[in-house]
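For reference, query15.pdb is printed below; it contains PDB, C-alpha atoms and all ligand atoms.
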```pdb
MODEL        1
ATOM      1  CA  MET A   1      56.943  49.460  40.311
ATOM      2  CA  ASP A   2      57.638  50.706  43.834
ATOM      3  CA  ASN A   3      61.304  51.426  43.255
ATOM      4  CA  LEU A   4      60.367  53.753  40.407
ATOM      5  CA  ASN A   5      58.292  55.798  42.831
ATOM      6  CA  ALA A   6      61.309  56.056  45.094
ATOM      7  CA  ILE A   7      63.581  57.056  42.219
ATOM      8  CA  VAL A   8      61.463  60.114  41.345
ATOM      9  CA  GLU A   9      61.185  61.344  44.948
ATOM     10  CA  PHE A  10      64.229  63.559  44.288
ATOM     11  CA  PHE A  11      62.079  65.583  41.888
ATOM     12  CA  ASN A  12      58.931  65.707  43.995
ATOM     13  CA  LEU A  13      57.347  69.130  44.710
ATOM     14  CA  ARG A  14      56.770  68.226  48.357
ATOM     15  CA  THR A  15      60.430  67.265  48.652
ATOM     16  CA  ILE A  16      61.649  70.641  47.456
ATOM     17  CA  LEU A  17      59.257  72.542  49.731
ATOM     18  CA  VAL A  18      60.541  70.645  52.759
ATOM     19  CA  LEU A  19      64.149  71.183  51.640
ATOM     20  CA  ALA A  20      63.536  74.922  51.163
ATOM     21  CA  LEU A  21      62.050  75.191  54.660
ATOM     22  CA  VAL A  22      65.186  73.584  56.081
ATOM     23  CA  PHE A  23      67.966  75.020  53.922
ATOM     24  CA  VAL A  24      66.932  78.649  53.357
ATOM     25  CA  PRO A  25      67.058  79.436  57.103
ATOM     26  CA  LEU A  26      70.203  77.285  57.493
ATOM     27  CA  GLU A  27      71.996  79.255  54.762
ATOM     28  CA  ARG A  28      71.083  82.502  56.532
ATOM     29  CA  ILE A  29      72.363  81.315  59.892
ATOM     30  CA  LEU A  30      75.444  79.308  58.864
ATOM     31  CA  HIS A  31      76.347  81.104  55.621
ATOM     32  CA  LEU A  32      79.725  80.326  54.086
ATOM     33  CA  HIS A  33      79.990  83.065  51.455
ATOM     34  CA  GLU A  34      78.407  86.051  53.193
ATOM     35  CA  ASP A  35      77.993  88.145  50.062
ATOM     36  CA  GLN A  36      75.948  85.455  48.290
ATOM     37  CA  LYS A  37      72.219  86.215  48.213
ATOM     38  CA  ILE A  38      69.500  83.616  48.848
ATOM     39  CA  LEU A  39      67.806  84.880  45.659
ATOM     40  CA  ARG A  40      71.021  84.758  43.631
ATOM     41  CA  GLN A  41      70.966  85.596  39.913
ATOM     42  CA  THR A  42      71.035  82.070  38.489
ATOM     43  CA  LEU A  43      68.613  80.533  40.994
ATOM     44  CA  SER A  44      65.923  80.656  38.274
ATOM     45  CA  VAL A  45      68.093  78.390  36.065
ATOM     46  CA  ASP A  46      68.257  75.764  38.803
ATOM     47  CA  ALA A  47      64.505  76.140  39.345
ATOM     48  CA  ILE A  48      63.991  75.401  35.619
ATOM     49  CA  TYR A  49      66.059  72.257  36.091
ATOM     50  CA  PHE A  50      63.846  71.193  38.979
ATOM     51  CA  PHE A  51      60.450  72.009  37.482
ATOM     52  CA  VAL A  52      60.976  71.371  33.760
ATOM     53  CA  ILE A  53      64.186  69.579  32.819
ATOM     54  CA  ALA A  54      63.788  67.055  35.642
ATOM     55  CA  GLN A  55      60.691  65.718  33.866
ATOM     56  CA  ILE A  56      62.928  64.548  30.994
ATOM     57  CA  THR A  57      65.245  62.933  33.540
ATOM     58  CA  ARG A  58      62.293  61.290  35.235
ATOM     59  CA  LEU A  59      61.094  59.724  31.996
ATOM     60  CA  GLY A  60      64.590  58.569  31.073
ATOM     61  CA  LEU A  61      65.188  57.012  34.482
ATOM     62  CA  GLY A  62      61.839  55.227  34.391
ATOM     63  CA  LEU A  63      62.534  53.832  30.939
ATOM     64  CA  VAL A  64      66.094  52.691  31.668
ATOM     65  CA  THR A  65      65.027  51.075  34.951
ATOM     66  CA  LEU A  66      62.109  49.215  33.384
ATOM     67  CA  VAL A  67      64.192  47.839  30.508
ATOM     68  CA  ALA A  68      67.164  46.915  32.694
ATOM     69  CA  MET A  69      65.040  45.274  35.351
ATOM     70  CA  ALA A  70      63.161  43.197  32.768
ATOM     71  CA  GLY A  71      66.546  41.751  31.799
ATOM     72  CA  VAL A  72      67.758  41.326  35.371
ATOM     73  CA  ASN A  73      64.584  39.529  36.443
ATOM     74  CA  LEU A  74      65.222  36.900  33.793
ATOM     75  CA  VAL A  75      68.650  35.958  35.145
ATOM     76  CA  MET A  76      68.664  36.826  38.876
ATOM     77  CA  PRO A  77      67.546  33.885  41.089
ATOM     78  CA  ALA A  78      64.630  34.816  43.371
ATOM     79  CA  ALA A  79      66.564  33.366  46.326
ATOM     80  CA  VAL A  80      69.040  36.286  46.163
ATOM     81  CA  GLY A  81      66.307  38.857  46.749
ATOM     82  CA  ASP A  82      64.756  36.718  49.497
ATOM     83  CA  ALA A  83      68.120  36.534  51.319
ATOM     84  CA  ILE A  84      68.747  40.278  50.974
ATOM     85  CA  ARG A  85      65.284  41.195  52.273
ATOM     86  CA  SER A  86      65.563  38.776  55.200
ATOM     87  CA  GLN A  87      68.245  41.077  56.703
ATOM     88  CA  HIS A  88      67.418  43.821  59.204
ATOM     89  CA  LEU A  89      66.269  47.047  57.527
ATOM     90  CA  VAL A  90      69.195  49.055  58.964
ATOM     91  CA  LEU A  91      71.693  46.582  57.529
ATOM     92  CA  GLN A  92      69.950  46.726  54.140
ATOM     93  CA  VAL A  93      70.144  50.539  54.112
ATOM     94  CA  ILE A  94      73.851  50.553  55.010
ATOM     95  CA  GLU A  95      74.670  47.963  52.346
ATOM     96  CA  ALA A  96      72.602  49.793  49.728
ATOM     97  CA  LEU A  97      74.304  53.089  50.618
ATOM     98  CA  VAL A  98      77.776  51.569  50.150
ATOM     99  CA  ILE A  99      76.884  49.780  46.888
ATOM    100  CA  ALA A 100      75.162  52.876  45.460
ATOM    101  CA  ASP A 101      78.042  55.167  46.390
ATOM    102  CA  ILE A 102      80.656  52.893  44.823
ATOM    103  CA  GLY A 103      78.570  53.108  41.642
ATOM    104  CA  LEU A 104      78.267  56.905  41.972
ATOM    105  CA  TYR A 105      82.003  57.280  42.566
ATOM    106  CA  LEU A 106      82.898  55.215  39.483
ATOM    107  CA  ALA A 107      80.278  56.876  37.277
ATOM    108  CA  HIS A 108      81.286  60.373  38.424
ATOM    109  CA  ARG A 109      84.980  59.664  37.822
ATOM    110  CA  MET A 110      84.131  58.336  34.370
ATOM    111  CA  PHE A 111      82.139  61.502  33.567
ATOM    112  CA  HIS A 112      85.233  63.560  34.389
ATOM    113  CA  ALA A 113      87.692  61.328  32.505
ATOM    114  CA  VAL A 114      85.891  60.700  29.211
ATOM    115  CA  PRO A 115      85.744  63.912  27.122
ATOM    116  CA  LEU A 116      82.363  63.073  25.557
ATOM    117  CA  LEU A 117      80.794  62.393  28.975
ATOM    118  CA  TRP A 118      82.441  65.492  30.456
ATOM    119  CA  ARG A 119      80.427  67.636  28.031
ATOM    120  CA  PHE A 120      77.256  66.462  29.820
ATOM    121  CA  HIS A 121      78.721  66.674  33.312
ATOM    122  CA  ALA A 122      80.176  70.156  32.687
ATOM    123  CA  VAL A 123      76.604  71.452  33.012
ATOM    124  CA  HIS A 124      76.686  70.572  36.727
ATOM    125  CA  HIS A 125      80.020  72.370  37.003
ATOM    126  CA  SER A 126      78.712  75.512  35.290
ATOM    127  CA  SER A 127      77.471  76.915  38.637
ATOM    128  CA  GLU A 128      79.674  79.803  39.752
ATOM    129  CA  GLN A 129      77.892  80.131  43.094
ATOM    130  CA  LEU A 130      76.824  77.093  45.097
ATOM    131  CA  ASP A 131      73.775  76.715  47.261
ATOM    132  CA  TRP A 132      71.260  73.981  48.059
ATOM    133  CA  MET A 133      69.456  74.371  44.697
ATOM    134  CA  SER A 134      72.704  73.778  42.753
ATOM    135  CA  ALA A 135      72.209  70.054  43.371
ATOM    136  CA  TYR A 136      69.458  70.049  40.753
ATOM    137  CA  ARG A 137      71.523  71.468  37.891
ATOM    138  CA  VAL A 138      72.366  68.201  36.149
ATOM    139  CA  HIS A 139      72.038  67.327  32.448
ATOM    140  CA  PRO A 140      69.408  64.564  31.995
ATOM    141  CA  VAL A 141      71.924  62.283  30.221
ATOM    142  CA  ASP A 142      74.329  62.670  33.168
ATOM    143  CA  GLN A 143      71.595  62.110  35.744
ATOM    144  CA  VAL A 144      70.059  59.064  34.030
ATOM    145  CA  LEU A 145      73.387  57.292  33.396
ATOM    146  CA  THR A 146      74.842  58.057  36.821
ATOM    147  CA  LYS A 147      71.726  57.023  38.713
ATOM    148  CA  ALA A 148      71.316  53.916  36.569
ATOM    149  CA  ILE A 149      74.900  52.785  37.257
ATOM    150  CA  SER A 150      74.526  53.358  40.993
ATOM    151  CA  LEU A 151      70.985  52.102  41.519
ATOM    152  CA  LEU A 152      70.510  49.168  39.184
ATOM    153  CA  PRO A 153      72.645  46.869  41.387
ATOM    154  CA  ILE A 154      70.402  47.822  44.339
ATOM    155  CA  PHE A 155      67.259  47.007  42.379
ATOM    156  CA  ALA A 156      68.805  43.875  40.858
ATOM    157  CA  LEU A 157      69.811  42.480  44.243
ATOM    158  CA  GLY A 158      66.243  42.969  45.453
ATOM    159  CA  TYR A 159      66.617  45.353  48.414
ATOM    160  CA  SER A 160      63.249  46.031  50.047
ATOM    161  CA  THR A 161      61.108  48.995  48.993
ATOM    162  CA  GLU A 162      61.520  50.464  52.503
ATOM    163  CA  ALA A 163      65.325  50.253  52.261
ATOM    164  CA  VAL A 164      65.300  51.916  48.819
ATOM    165  CA  ALA A 165      62.949  54.652  50.047
ATOM    166  CA  ILE A 166      65.198  55.400  53.060
ATOM    167  CA  LEU A 167      68.273  55.354  50.794
ATOM    168  CA  PHE A 168      66.606  57.961  48.586
ATOM    169  CA  VAL A 169      65.692  60.234  51.474
ATOM    170  CA  ILE A 170      69.310  60.081  52.696
ATOM    171  CA  GLN A 171      70.774  60.637  49.207
ATOM    172  CA  THR A 172      68.453  63.542  48.407
ATOM    173  CA  ALA A 173      68.867  65.386  51.703
ATOM    174  CA  HIS A 174      72.619  64.793  51.648
ATOM    175  CA  ALA A 175      73.079  65.922  48.013
ATOM    176  CA  VAL A 176      71.314  69.177  48.834
ATOM    177  CA  LEU A 177      73.269  69.631  52.077
ATOM    178  CA  VAL A 178      76.695  69.268  50.436
ATOM    179  CA  HIS A 179      75.907  71.946  47.832
ATOM    180  CA  ALA A 180      74.475  74.382  50.397
ATOM    181  CA  ASN A 181      76.160  77.696  51.096
ATOM    182  CA  ILE A 182      76.845  76.737  54.688
ATOM    183  CA  ARG A 183      79.910  76.314  56.844
ATOM    184  CA  ILE A 184      79.403  73.226  58.940
ATOM    185  CA  GLY A 185      81.988  70.781  60.252
ATOM    186  CA  PHE A 186      81.485  67.060  60.742
ATOM    187  CA  GLY A 187      84.514  66.658  63.054
ATOM    188  CA  PRO A 188      86.494  63.450  62.395
ATOM    189  CA  LEU A 189      83.469  62.106  60.496
ATOM    190  CA  LYS A 190      84.645  64.221  57.542
ATOM    191  CA  TRP A 191      87.026  61.364  56.649
ATOM    192  CA  LEU A 192      84.046  59.002  56.460
ATOM    193  CA  LEU A 193      81.200  61.127  55.086
ATOM    194  CA  VAL A 194      81.033  63.743  52.357
ATOM    195  CA  THR A 195      80.716  67.238  53.871
ATOM    196  CA  PRO A 196      79.812  70.582  52.242
ATOM    197  CA  GLN A 197      83.536  71.452  52.355
ATOM    198  CA  PHE A 198      84.384  68.191  50.529
ATOM    199  CA  HIS A 199      81.879  68.770  47.721
ATOM    200  CA  HIS A 200      82.549  72.496  47.449
ATOM    201  CA  TRP A 201      86.154  71.567  46.653
ATOM    202  CA  HIS A 202      84.839  69.268  43.920
ATOM    203  CA  HIS A 203      83.262  72.349  42.312
ATOM    204  CA  ALA A 204      86.329  74.554  42.813
ATOM    205  CA  ASN A 205      87.747  76.305  39.778
ATOM    206  CA  GLU A 206      91.238  75.901  41.188
ATOM    207  CA  ARG A 207      93.902  73.707  39.607
ATOM    208  CA  GLN A 208      94.808  71.679  42.709
ATOM    209  CA  ALA A 209      91.176  70.584  43.126
ATOM    210  CA  TYR A 210      90.553  69.386  39.553
ATOM    211  CA  ASP A 211      89.271  65.782  39.325
ATOM    212  CA  LYS A 212      89.022  65.297  43.078
ATOM    213  CA  ASN A 213      86.296  64.320  45.583
ATOM    214  CA  PHE A 214      83.990  62.198  43.410
ATOM    215  CA  ALA A 215      82.050  60.374  46.148
ATOM    216  CA  ALA A 216      78.472  61.453  46.832
ATOM    217  CA  GLN A 217      78.053  60.181  50.394
ATOM    218  CA  LEU A 218      81.126  58.236  51.515
ATOM    219  CA  ALA A 219      84.275  60.358  51.494
ATOM    220  CA  PHE A 220      86.580  57.416  52.251
ATOM    221  CA  LEU A 221      85.961  56.102  48.709
ATOM    222  CA  ASP A 222      88.057  59.038  47.454
ATOM    223  CA  TRP A 223      90.732  58.236  50.019
ATOM    224  CA  LEU A 224      90.778  54.642  48.698
ATOM    225  CA  GLY A 225      90.800  55.887  45.101
ATOM    226  CA  GLY A 226      93.580  58.431  45.725
ATOM    227  CA  THR A 227      91.333  61.335  44.696
ATOM    228  CA  MET A 228      90.668  63.069  48.021
ATOM    229  CA  HIS A 229      91.342  66.815  48.367
ATOM    230  CA  LEU A 230      90.453  68.232  51.772
ATOM    231  CA  PRO A 231      92.878  71.011  52.765
ATOM    232  CA  GLY A 232      92.379  71.819  56.452
ATOM    233  CA  LYS A 233      89.287  73.900  57.066
ATOM    234  CA  SER A 234      89.569  76.023  53.927
ATOM    235  CA  TYR A 235      86.933  76.416  51.227
ATOM    236  CA  PRO A 236      87.368  77.350  47.554
ATOM    237  CA  LYS A 237      87.186  80.988  46.518
ATOM    238  CA  ALA A 238      85.983  80.346  42.958
ATOM    239  CA  TYR A 239      83.582  77.782  41.515
ATOM    240  CA  GLY A 240      82.887  76.616  37.976
ATOM    241  CA  ALA A 241      84.813  75.227  35.014
ATOM    242  CA  ASP A 242      86.446  77.159  32.194
ATOM    243  CA  ASP A 243      84.945  74.902  29.519
ATOM    244  CA  ALA A 244      81.438  74.636  31.015
ATOM    245  CA  PRO A 245      78.475  76.051  29.052
ATOM    246  CA  PRO A 246      77.172  79.534  30.026
ATOM    247  CA  VAL A 247      75.932  79.607  33.618
ATOM    248  CA  ASP A 248      72.625  81.343  32.871
ATOM    249  CA  GLN A 249      71.365  79.623  29.688
ATOM    250  CA  PRO A 250      69.534  76.350  30.427
ATOM    251  CA  LEU A 251      68.612  75.638  26.792
ATOM    252  CA  ARG A 252      72.193  76.165  25.669
ATOM    253  CA  GLN A 253      73.329  73.901  28.520
ATOM    254  CA  LEU A 254      71.002  71.115  27.356
ATOM    255  CA  ALA A 255      72.173  71.426  23.746
ATOM    256  CA  ASP A 256      75.846  72.087  24.464
ATOM    257  CA  PRO A 257      77.069  68.437  24.589
ATOM    258  CA  PHE A 258      75.646  67.877  21.100
ATOM    259  CA  LEU A 259      77.130  70.970  19.471
ATOM    260  CA  PRO A 260      80.244  70.579  17.293
ATOM    261  CA  ARG A 261      83.502  71.643  18.938
ATOM    262  CA  PRO A 262      86.164  73.708  17.128
ATOM    263  CA  LYS A 263      89.351  71.753  16.529
ATOM    264  CA  PRO A 264      91.815  72.731  19.285
ATOM    265  CA  ASP A 265      95.129  74.272  18.175
ATOM    266  CA  SER A 266      96.701  73.457  21.516
ATOM    267  CA  PRO A 267      96.431  70.337  23.710
ATOM    268  CA  PRO A 268      92.979  70.077  25.407
ATOM    269  CA  GLN A 269      92.556  71.364  28.967
ATOM    270  CA  THR A 270      92.225  68.889  31.789
ATOM    271  CA  ALA A 271      88.554  68.345  32.637
ATOM    272  CA  GLU A 272      87.474  69.654  36.030
TER
HETATM  273 ZN    ZN B 301      81.876  66.456  38.948
HETATM  274 ZN    ZN B 302      77.831  69.018  42.825
ENDMDL
END
```

How would this structure read if it were set down as structure tokens?
Ligand SMILES: [Zn+2]
Ligand SMILES: [Zn+2]
Amino acid sequence: MDNLNAIVEFFNLRTILVLALVFVPLERILHLHEDQKILRQTLSVDAIYFFVIAQITRLGLGLVTLVAMAGVNLVMPAAVGDAIRSQHLVLQVIEALVIADIGLYLAHRMFHAVPLLWRFHAVHHSSEQLDWMSAYRVHPVDQVLTKAISLLPIFALGYSTEAVAILFVIQTAHAVLVHANIRIGFGPLKWLLVTPQFHHWHHANERQAYDKNFAAQLAFLDWLGGTMHLPGKSYPKAYGADDAPPVDQPLRQLADPFLPRPKPDSPPQTAE
């Protein structure tokens, strides 16, 4: 299935080599937090996510997509796919980007709001320093569910393989860019597109930024949803979440959502 090949491109070795060639020099030239090293302490944890844990995600995504699409193919009229694919490729990519990002926004917001789902998503928020590799630190359950919610409508509607492939290149490069340790402005486009500043605030361990900036590509979705936090040109000073699993223990991070929690004596903290 061609779309399955596109879905795993995020975890492709060639992809990460190209990204490293682009982002390592960029982080040296445009660095945001000057004292942060390229070879930071927990980089190896994110590398484990890319090389090892991503294989679990890959399998899960493949399985969920195959099962879901078998169901969709039974009910979706072929004429829908024909009409979608008859559009110009650029139009298909733009539509797919909007549909996928609405799904990502809703899924991401849900992962912050539902305590059980937050346990999985807290792994992504365990990073206390952000750089381009931080994009890969995602629990497989989080990654599979989020991607399934955002991408299954694209597959179900029958967007062309080329449109899906371009969507994936954009999503992958952009996800890495917004985590990077770089200071780069998008001008007025920052109200339309997610910038590094926008996503860095999502990772901020600062009260005013909790549960804000959920969109992956299209910042205006947060404006529409009343969840945008973009204070001037400032960036957060601290990243992470108080209830996230330990930043440097990938096995503990994988197991953490399944471990029993002590009964709280006081009201639970707001999820970040
Ligand atoms: Zn989040
Ligand atoms: Zn992130």

Taking all atoms listed in the file into account, which residues are within 9 Å of ligand ZN 302 (chain B), as a PDB file with C-alpha atoms, in the frame of the given file?
```
ATOM      1  CA  HIS A 124      76.686  70.572  36.727  1.00  0.00           C
ATOM      2  CA  HIS A 125      80.020  72.370  37.003  1.00  0.00           C
ATOM      3  CA  SER A 127      77.471  76.915  38.637  1.00  0.00           C
ATOM      4  CA  LEU A 130      76.824  77.093  45.097  1.00  0.00           C
ATOM      5  CA  SER A 134      72.704  73.778  42.753  1.00  0.00           C
ATOM      6  CA  ALA A 135      72.209  70.054  43.371  1.00  0.00           C
ATOM      7  CA  TYR A 136      69.458  70.049  40.753  1.00  0.00           C
ATOM      8  CA  ARG A 137      71.523  71.468  37.891  1.00  0.00           C
ATOM      9  CA  VAL A 138      72.366  68.201  36.149  1.00  0.00           C
ATOM     10  CA  ALA A 175      73.079  65.922  48.013  1.00  0.00           C
ATOM     11  CA  VAL A 176      71.314  69.177  48.834  1.00  0.00           C
ATOM     12  CA  VAL A 178      76.695  69.268  50.436  1.00  0.00           C
ATOM     13  CA  HIS A 179      75.907  71.946  47.832  1.00  0.00           C
ATOM     14  CA  HIS A 199      81.879  68.770  47.721  1.00  0.00           C
ATOM     15  CA  HIS A 200      82.549  72.496  47.449  1.00  0.00           C
ATOM     16  CA  HIS A 202      84.839  69.268  43.920  1.00  0.00           C
ATOM     17  CA  HIS A 203      83.262  72.349  42.312  1.00  0.00           C
ATOM     18  CA  ALA A 216      78.472  61.453  46.832  1.00  0.00           C
TER      19      ALA A 216
END
```

Taking a cut-off of 9 Å and counting only C-alpha atoms and all ligand atoms, can you build a table that, for each residue of chain A near ligand ZN 301 (chain B), reports the nearest atom pair and how far apart they are in Å (one decimal), sorted by chain then residue number, as a tab-separated table?
```
residue	atom	partner	partner_atom	distance
A:His108	CA	B:ZN301	ZN	6.1
A:Arg109	CA	B:ZN301	ZN	7.6
A:Phe111	CA	B:ZN301	ZN	7.3
A:His112	CA	B:ZN301	ZN	6.4
A:Trp118	CA	B:ZN301	ZN	8.6
A:His121	CA	B:ZN301	ZN	6.5
A:Ala122	CA	B:ZN301	ZN	7.5
A:His124	CA	B:ZN301	ZN	7.0
A:His125	CA	B:ZN301	ZN	6.5
A:His202	CA	B:ZN301	ZN	6.4
A:His203	CA	B:ZN301	ZN	6.9
A:Asp211	CA	B:ZN301	ZN	7.4
A:Lys212	CA	B:ZN301	ZN	8.3
A:Asn213	CA	B:ZN301	ZN	8.3
A:Phe214	CA	B:ZN301	ZN	6.5
A:Glu272	CA	B:ZN301	ZN	7.1
```

Could you give me, as an MDAnalysis selection string, the residues within 10 Å of Gln253 (chain A), counting all atoms listed in the file and dropping anything in the same chain fewer than 3 positions from it?
-> chainID A and resid 119:120 122:124 126 137:139 244:250 256:258

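Listed by chain and then by number, the residues chosen by the PyMOL selection byres (((chain A and resi 201) around 10) and not hetatm) in this file are Pro196, Gln197, Phe198, His199, His200, His202, His203, Ala204, Asn205, Glu206, Gln208, Ala209, Tyr210, Asp211, Lys212, Asn213, Met228, His229, Leu230, Pro231, Ser234, Tyr235, Pro236, Lys237, Ala238 and Tyr239 of chain A.
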
Could you please determine the separation between CA of Leu157 (chain A) and CA of Leu218 (chain A) in Å, to one decimal place?
-> 20.7 Å

N, CA and C atoms for region 51-74 of chain A, written as a PDB file, in the frame of the given file, could you do that?
```pdb
ATOM      1  N   PHE A  51      61.852  72.086  37.891  1.00  0.00           N
ATOM      2  CA  PHE A  51      60.450  72.009  37.482  1.00  0.00           C
ATOM      3  C   PHE A  51      60.255  71.486  36.063  1.00  0.00           C
ATOM      4  N   VAL A  52      61.188  71.728  35.167  1.00  0.00           N
ATOM      5  CA  VAL A  52      60.976  71.371  33.760  1.00  0.00           C
ATOM      6  C   VAL A  52      61.914  70.249  33.305  1.00  0.00           C
ATOM      7  N   ILE A  53      63.217  70.519  33.393  1.00  0.00           N
ATOM      8  CA  ILE A  53      64.186  69.579  32.819  1.00  0.00           C
ATOM      9  C   ILE A  53      64.163  68.241  33.563  1.00  0.00           C
ATOM     10  N   ALA A  54      63.843  68.293  34.854  1.00  0.00           N
ATOM     11  CA  ALA A  54      63.788  67.055  35.642  1.00  0.00           C
ATOM     12  C   ALA A  54      62.733  66.091  35.106  1.00  0.00           C
ATOM     13  N   GLN A  55      61.720  66.621  34.400  1.00  0.00           N
ATOM     14  CA  GLN A  55      60.691  65.718  33.866  1.00  0.00           C
ATOM     15  C   GLN A  55      61.286  64.817  32.780  1.00  0.00           C
ATOM     16  N   ILE A  56      62.245  65.359  32.016  1.00  0.00           N
ATOM     17  CA  ILE A  56      62.928  64.548  30.994  1.00  0.00           C
ATOM     18  C   ILE A  56      63.733  63.460  31.711  1.00  0.00           C
ATOM     19  N   THR A  57      64.438  63.871  32.769  1.00  0.00           N
ATOM     20  CA  THR A  57      65.245  62.933  33.540  1.00  0.00           C
ATOM     21  C   THR A  57      64.369  61.817  34.107  1.00  0.00           C
ATOM     22  N   ARG A  58      63.226  62.228  34.627  1.00  0.00           N
ATOM     23  CA  ARG A  58      62.293  61.290  35.235  1.00  0.00           C
ATOM     24  C   ARG A  58      61.863  60.211  34.230  1.00  0.00           C
ATOM     25  N   LEU A  59      61.503  60.661  33.039  1.00  0.00           N
ATOM     26  CA  LEU A  59      61.094  59.724  31.996  1.00  0.00           C
ATOM     27  C   LEU A  59      62.233  58.786  31.632  1.00  0.00           C
ATOM     28  N   GLY A  60      63.415  59.366  31.449  1.00  0.00           N
ATOM     29  CA  GLY A  60      64.590  58.569  31.073  1.00  0.00           C
ATOM     30  C   GLY A  60      64.914  57.529  32.123  1.00  0.00           C
ATOM     31  N   LEU A  61      64.880  57.936  33.385  1.00  0.00           N
ATOM     32  CA  LEU A  61      65.188  57.012  34.482  1.00  0.00           C
ATOM     33  C   LEU A  61      64.173  55.875  34.536  1.00  0.00           C
ATOM     34  N   GLY A  62      62.898  56.234  34.368  1.00  0.00           N
ATOM     35  CA  GLY A  62      61.839  55.227  34.391  1.00  0.00           C
ATOM     36  C   GLY A  62      62.051  54.201  33.295  1.00  0.00           C
ATOM     37  N   LEU A  63      62.358  54.702  32.102  1.00  0.00           N
ATOM     38  CA  LEU A  63      62.534  53.832  30.939  1.00  0.00           C
ATOM     39  C   LEU A  63      63.733  52.900  31.111  1.00  0.00           C
ATOM     40  N   VAL A  64      64.864  53.489  31.498  1.00  0.00           N
ATOM     41  CA  VAL A  64      66.094  52.691  31.668  1.00  0.00           C
ATOM     42  C   VAL A  64      65.890  51.627  32.753  1.00  0.00           C
ATOM     43  N   THR A  65      65.240  52.021  33.851  1.00  0.00           N
ATOM     44  CA  THR A  65      65.027  51.075  34.951  1.00  0.00           C
ATOM     45  C   THR A  65      64.119  49.931  34.523  1.00  0.00           C
ATOM     46  N   LEU A  66      63.043  50.268  33.806  1.00  0.00           N
ATOM     47  CA  LEU A  66      62.109  49.215  33.384  1.00  0.00           C
ATOM     48  C   LEU A  66      62.792  48.211  32.461  1.00  0.00           C
ATOM     49  N   VAL A  67      63.533  48.728  31.476  1.00  0.00           N
ATOM     50  CA  VAL A  67      64.192  47.839  30.508  1.00  0.00           C
ATOM     51  C   VAL A  67      65.264  46.990  31.207  1.00  0.00           C
ATOM     52  N   ALA A  68      66.083  47.645  32.025  1.00  0.00           N
ATOM     53  CA  ALA A  68      67.164  46.915  32.694  1.00  0.00           C
ATOM     54  C   ALA A  68      66.607  45.864  33.637  1.00  0.00           C
ATOM     55  N   MET A  69      65.568  46.224  34.375  1.00  0.00           N
ATOM     56  CA  MET A  69      65.040  45.274  35.351  1.00  0.00           C
ATOM     57  C   MET A  69      64.354  44.091  34.683  1.00  0.00           C
ATOM     58  N   ALA A  70      63.771  44.318  33.500  1.00  0.00           N
ATOM     59  CA  ALA A  70      63.161  43.197  32.768  1.00  0.00           C
ATOM     60  C   ALA A  70      64.250  42.169  32.455  1.00  0.00           C
ATOM     61  N   GLY A  71      65.435  42.650  32.084  1.00  0.00           N
ATOM     62  CA  GLY A  71      66.546  41.751  31.799  1.00  0.00           C
ATOM     63  C   GLY A  71      67.056  41.074  33.055  1.00  0.00           C
ATOM     64  N   VAL A  72      67.214  41.863  34.113  1.00  0.00           N
ATOM     65  CA  VAL A  72      67.758  41.326  35.371  1.00  0.00           C
ATOM     66  C   VAL A  72      66.838  40.246  35.937  1.00  0.00           C
ATOM     67  N   ASN A  73      65.528  40.493  35.875  1.00  0.00           N
ATOM     68  CA  ASN A  73      64.584  39.529  36.443  1.00  0.00           C
ATOM     69  C   ASN A  73      64.652  38.171  35.767  1.00  0.00           C
ATOM     70  N   LEU A  74      65.118  38.168  34.515  1.00  0.00           N
ATOM     71  CA  LEU A  74      65.222  36.900  33.793  1.00  0.00           C
ATOM     72  C   LEU A  74      66.382  36.052  34.305  1.00  0.00           C
TER      73      LEU A  74
END
```
